[in-house]
Amino acid sequence: MTIDTHCHYDMMENPTDYISKAESQGDIIIGMTNLPSHYRMGKAHVVGYKHIRLSLGFHPQLAATSQHELLMFDSLVNFTSYIGEIGLDFSSAYSNSKDIQIKSLRHILSKISGDTHKLVSVHSRKAEKELLALLLEYRIPNVIFHWYSGSISLITNIVSAGYYFSVNEAMTKSANGRKILSTIPKERILTESDAPYNKHYNIRNTLEYLNMSEKEIYQNFRCLINRMKY
Ligand SMILES: [Zn+2]
């Protein structure tokens, strides 16, 4: 049984085939969406699945062109426990929308501030420090840093905040990714595919590299999920 805590199955050619197969194998998938309208469209297709979820997202790369979707975020936020993909992206292609990204993220975080029943998956490229500061400012308790590629020194701060990391096969293939993987404490590691955007998404290969079992990842996941209970 694999656990995929960050997957964009709604962007696949045939999402229903993909999630049906996963469900029949007993795999767990937390689906991301890039915009609230995508969540609204996809939600009905996921009802009835035991191990497949869909999250309400607002991708930072779309912040500049999708401001009108924030109101829809507000109207849907109380219908799900899963939030993602949200975050910040200050890489060169998106750094000109920094201000609007921060403003949008503040809006989103204010809606889920202090909510222990939400699980949040975040995108943090080139904005890891700023993102962590905002998550702490808004007291967001249950966070997974997806495909972390920031500094090694910040990992300690993210761990101290009680947060987790979802890691993928692509990270096992770069020197920086491997350094990050060897720094994250094993009990804070979760697995992800980031499919279909990620070419190297095999979860079993990731586990083999980490020398971790599916069971260990499941235990980590349970620890996080248990925090969400009343
Ligand atoms: Zn993603």
# chains A, B, ... in the order shown; residues from 1 in each chain; ligands from 1
call {"tool": "residues_around", "arguments": {"residues": "region 167-174 of chain A", "least_positions_apart": "2", "cutoff": "9 Å", "atoms": "only C-alpha atoms", "output": "PyMOL selection string"}}
result
chain A and resi 145-149+165+176-181+189-194+198-207+209-210
call {"tool": "residues_near_ligand", "arguments": {"ligand": "ligand 1", "cutoff": "9 Å", "atoms": "only C-alpha atoms and all ligand atoms", "output": "list of chain:residue names"}}
result
A:His6, A:Cys7, A:His8, A:Met32, A:Thr33, A:Asn34, A:His59, A:Gly84, A:Glu85, A:Ser121, A:Val122, A:His123, A:His146, A:Trp147, A:Ser193, A:Asp194, A:Ala195, A:Pro196, A:Tyr197, A:Asn198
call {"tool": "write_last_selection", "arguments": {"atoms": "N, CA and C atoms", "output": "mmCIF file, in the first residue's frame"}}
result
data_model
loop_
_atom_site.group_PDB
_atom_site.id
_atom_site.type_symbol
_atom_site.label_atom_id
_atom_site.label_comp_id
_atom_site.auth_asym_id
_atom_site.auth_seq_id
_atom_site.Cartn_x
_atom_site.Cartn_y
_atom_site.Cartn_z
ATOM 1 N N HIS A 6 0.609 13.984 -2.403
ATOM 2 C CA HIS A 6 0.558 15.159 -3.296
ATOM 3 C C HIS A 6 0.509 14.671 -4.746
ATOM 4 N N CYS A 7 -0.699 14.592 -5.280
ATOM 5 C CA CYS A 7 -0.887 14.053 -6.631
ATOM 6 C C CYS A 7 -1.929 14.908 -7.351
ATOM 7 N N HIS A 8 -1.647 15.240 -8.598
ATOM 8 C CA HIS A 8 -2.614 16.045 -9.371
ATOM 9 C C HIS A 8 -3.406 15.133 -10.300
ATOM 10 N N MET A 32 -4.388 17.011 -5.227
ATOM 11 C CA MET A 32 -4.274 18.465 -5.153
ATOM 12 C C MET A 32 -5.172 19.076 -6.225
ATOM 13 N N THR A 33 -5.558 20.338 -6.013
ATOM 14 C CA THR A 33 -6.117 21.103 -7.128
ATOM 15 C C THR A 33 -5.368 22.430 -7.199
ATOM 16 N N ASN A 34 -5.354 23.007 -8.392
ATOM 17 C CA ASN A 34 -4.638 24.275 -8.581
ATOM 18 C C ASN A 34 -5.529 25.489 -8.368
ATOM 19 N N HIS A 59 -3.102 27.658 -6.463
ATOM 20 C CA HIS A 59 -1.662 27.546 -6.735
ATOM 21 C C HIS A 59 -1.019 28.930 -6.851
ATOM 22 N N GLY A 84 -4.849 22.329 -0.517
ATOM 23 C CA GLY A 84 -3.626 22.270 -1.325
ATOM 24 C C GLY A 84 -3.965 22.184 -2.802
ATOM 25 N N GLU A 85 -3.193 22.651 -3.641
ATOM 26 C CA GLU A 85 -1.868 23.133 -3.365
ATOM 27 C C GLU A 85 -1.927 24.637 -3.169
ATOM 28 N N SER A 121 -1.132 21.028 2.170
ATOM 29 C CA SER A 121 0.074 20.704 1.395
ATOM 30 C C SER A 121 0.569 21.980 0.715
ATOM 31 N N VAL A 122 1.843 22.319 0.945
ATOM 32 C CA VAL A 122 2.344 23.608 0.452
ATOM 33 C C VAL A 122 3.485 23.498 -0.563
ATOM 34 N N HIS A 123 3.456 24.460 -1.471
ATOM 35 C CA HIS A 123 4.475 24.677 -2.500
ATOM 36 C C HIS A 123 5.325 25.844 -1.992
ATOM 37 N N HIS A 146 5.702 20.109 0.384
ATOM 38 C CA HIS A 146 5.808 19.234 -0.781
ATOM 39 C C HIS A 146 7.070 19.576 -1.582
ATOM 40 N N TRP A 147 7.822 18.557 -2.005
ATOM 41 C CA TRP A 147 9.027 18.687 -2.855
ATOM 42 C C TRP A 147 9.908 19.857 -2.398
ATOM 43 N N SER A 193 3.855 11.723 -5.383
ATOM 44 C CA SER A 193 4.216 11.524 -6.794
ATOM 45 C C SER A 193 4.367 12.874 -7.506
ATOM 46 N N ASP A 194 3.525 13.839 -7.173
ATOM 47 C CA ASP A 194 3.361 15.085 -7.927
ATOM 48 C C ASP A 194 3.055 14.786 -9.400
ATOM 49 N N ALA A 195 2.527 13.598 -9.672
ATOM 50 C CA ALA A 195 2.102 13.247 -11.032
ATOM 51 C C ALA A 195 0.867 14.081 -11.388
ATOM 52 N N PRO A 196 0.642 14.410 -12.654
ATOM 53 C CA PRO A 196 1.449 14.040 -13.823
ATOM 54 C C PRO A 196 2.542 15.065 -14.142
ATOM 55 N N TYR A 197 2.798 16.023 -13.272
ATOM 56 C CA TYR A 197 3.794 17.064 -13.573
ATOM 57 C C TYR A 197 5.228 16.553 -13.446
ATOM 58 N N ASN A 198 5.400 15.535 -12.600
ATOM 59 C CA ASN A 198 6.734 15.046 -12.280
ATOM 60 C C ASN A 198 7.039 13.781 -13.095
#
call {"tool": "closest_residue", "arguments": {"among": "A:Gly31, A:Leu131, A:Val143, A:Lys98", "to": "His117 (chain A)", "atoms": "only C-alpha atoms"}}
result
A:Val143
call {"tool": "select_by_dssp", "arguments": {"residues": "region 8-225 of chain A", "states": "alpha helix (DSSP H)", "output": "PyMOL selection string"}}
result
chain A and resi 15-25+36-46+70-76+98-112+128-137+152-160+175-183+203-210+214-225
call {"tool": "write_last_selection", "arguments": {"atoms": "C-alpha atoms", "output": "tab-separated table (two decimals), in the first residue's frame"}}
result
chain	number	residue	atom	x	y	z
A	15	PRO	CA	-8.57	10.52	-13.45
A	16	THR	CA	-11.30	7.97	-12.72
A	17	ASP	CA	-9.23	5.06	-14.06
A	18	TYR	CA	-6.25	6.23	-12.04
A	19	ILE	CA	-8.02	6.61	-8.70
A	20	SER	CA	-10.15	3.46	-9.14
A	21	LYS	CA	-7.04	1.38	-9.67
A	22	ALA	CA	-5.34	2.96	-6.66
A	23	GLU	CA	-8.39	2.39	-4.47
A	24	SER	CA	-8.61	-1.27	-5.45
A	25	GLN	CA	-4.96	-1.71	-4.49
A	36	PRO	CA	-11.07	26.34	-6.31
A	37	SER	CA	-13.03	25.90	-9.56
A	38	HIS	CA	-11.08	22.70	-10.23
A	39	TYR	CA	-11.96	21.41	-6.77
A	40	ARG	CA	-15.62	22.26	-7.32
A	41	MET	CA	-15.58	20.38	-10.61
A	42	GLY	CA	-13.71	17.33	-9.30
A	43	LYS	CA	-15.29	16.83	-5.89
A	44	ALA	CA	-18.34	14.87	-7.06
A	45	HIS	CA	-16.11	12.34	-8.82
A	46	VAL	CA	-14.27	11.44	-5.61
A	70	LEU	CA	-10.50	33.59	-3.88
A	71	LEU	CA	-14.18	34.18	-3.14
A	72	MET	CA	-14.91	30.65	-4.30
A	73	PHE	CA	-12.18	29.40	-1.96
A	74	ASP	CA	-14.07	31.05	0.91
A	75	SER	CA	-17.34	29.41	-0.05
A	76	LEU	CA	-15.80	25.91	-0.25
A	98	LYS	CA	5.34	38.12	-5.21
A	99	ASP	CA	3.06	40.74	-3.68
A	100	ILE	CA	-0.16	39.32	-5.01
A	101	GLN	CA	0.95	35.80	-4.01
A	102	ILE	CA	1.55	36.94	-0.43
A	103	LYS	CA	-1.74	38.82	-0.32
A	104	SER	CA	-3.63	35.77	-1.63
A	105	LEU	CA	-1.89	33.42	0.77
A	106	ARG	CA	-2.66	35.69	3.73
A	107	HIS	CA	-6.29	35.62	2.67
A	108	ILE	CA	-6.30	31.81	2.51
A	109	LEU	CA	-4.41	31.31	5.77
A	110	SER	CA	-6.74	33.69	7.60
A	111	LYS	CA	-9.62	31.34	6.66
A	112	ILE	CA	-7.92	28.27	8.13
A	128	GLU	CA	10.62	28.67	1.98
A	129	LYS	CA	11.50	31.13	4.73
A	130	GLU	CA	8.69	33.55	3.92
A	131	LEU	CA	6.19	30.70	3.70
A	132	LEU	CA	7.22	29.18	7.03
A	133	ALA	CA	6.91	32.58	8.71
A	134	LEU	CA	3.37	33.01	7.38
A	135	LEU	CA	2.31	29.48	8.41
A	136	LEU	CA	3.52	30.22	11.94
A	137	GLU	CA	1.97	33.69	12.02
A	152	ILE	CA	19.35	22.62	4.55
A	153	SER	CA	19.45	24.88	7.62
A	154	LEU	CA	15.74	25.76	7.42
A	155	ILE	CA	14.74	22.07	7.68
A	156	THR	CA	15.32	22.19	11.46
A	157	ASN	CA	12.90	25.12	11.78
A	158	ILE	CA	10.25	23.35	9.72
A	159	VAL	CA	10.63	20.22	11.85
A	160	SER	CA	10.43	22.30	15.06
A	175	ALA	CA	22.67	16.02	-5.34
A	176	ASN	CA	20.66	18.72	-3.58
A	177	GLY	CA	17.60	16.49	-3.30
A	178	ARG	CA	19.68	13.70	-1.77
A	179	LYS	CA	21.18	16.09	0.76
A	180	ILE	CA	17.70	17.21	1.76
A	181	LEU	CA	16.49	13.60	2.03
A	182	SER	CA	19.35	12.71	4.34
A	183	THR	CA	18.61	15.71	6.60
A	203	ILE	CA	6.94	5.87	-4.86
A	204	ARG	CA	8.43	2.38	-4.43
A	205	ASN	CA	11.75	3.56	-5.91
A	206	THR	CA	11.69	6.48	-3.48
A	207	LEU	CA	11.17	4.12	-0.54
A	208	GLU	CA	13.96	1.87	-1.75
A	209	TYR	CA	16.32	4.84	-1.91
A	210	LEU	CA	15.27	5.98	1.58
A	214	GLU	CA	5.50	1.44	3.25
A	215	LYS	CA	4.56	0.66	6.83
A	216	GLU	CA	6.90	3.32	8.24
A	217	ILE	CA	5.40	5.93	5.92
A	218	TYR	CA	1.93	4.79	6.94
A	219	GLN	CA	2.84	5.24	10.61
A	220	ASN	CA	4.09	8.77	9.91
A	221	PHE	CA	0.91	9.52	8.01
A	222	ARG	CA	-1.25	8.15	10.86
A	223	CYS	CA	0.55	10.38	13.37
A	224	LEU	CA	-0.32	13.39	11.27
A	225	ILE	CA	-3.91	12.34	10.56
call {"tool": "select_by_dssp", "arguments": {"residues": "region 138-212 of chain A", "states": "strand (DSSP E)", "output": "list in words"}}
result
Val143, Ile144, Phe145, His146, Tyr164, Phe165, Ser166, Val167, Ile189, Leu190 and Thr191 of chain A
call {"tool": "residues_around", "arguments": {"residues": "Met228 (chain A)", "least_positions_apart": "6", "cutoff": "8 Å", "atoms": "only C-alpha atoms", "output": "ChimeraX atom specification"}}
result
/A:116-119,142
call {"tool": "write_last_selection", "arguments": {"atoms": "C-alpha atoms", "output": "mmCIF file, in the first residue's frame"}}
result
data_model
loop_
_atom_site.group_PDB
_atom_site.id
_atom_site.type_symbol
_atom_site.label_atom_id
_atom_site.label_comp_id
_atom_site.auth_asym_id
_atom_site.auth_seq_id
_atom_site.Cartn_x
_atom_site.Cartn_y
_atom_site.Cartn_z
ATOM 1 C CA THR A 116 -6.615 21.656 13.703
ATOM 2 C CA HIS A 117 -8.949 19.716 11.402
ATOM 3 C CA LYS A 118 -7.265 20.806 8.193
ATOM 4 C CA LEU A 119 -4.337 19.127 6.441
ATOM 5 C CA ASN A 142 -0.890 20.411 10.104
#
call {"tool": "residues_around", "arguments": {"residues": "Gly26 (chain A)", "least_positions_apart": "4", "cutoff": "8 Å", "atoms": "only C-alpha atoms", "output": "MDAnalysis selection string"}}
result
chainID A and resid 1:2 22 51
call {"tool": "closest_residue", "arguments": {"among": "A:Gly150, A:Ile144, A:Val77, A:Lys50", "to": "Ser91 (chain A)", "atoms": "only C-alpha atoms"}}
result
A:Gly150
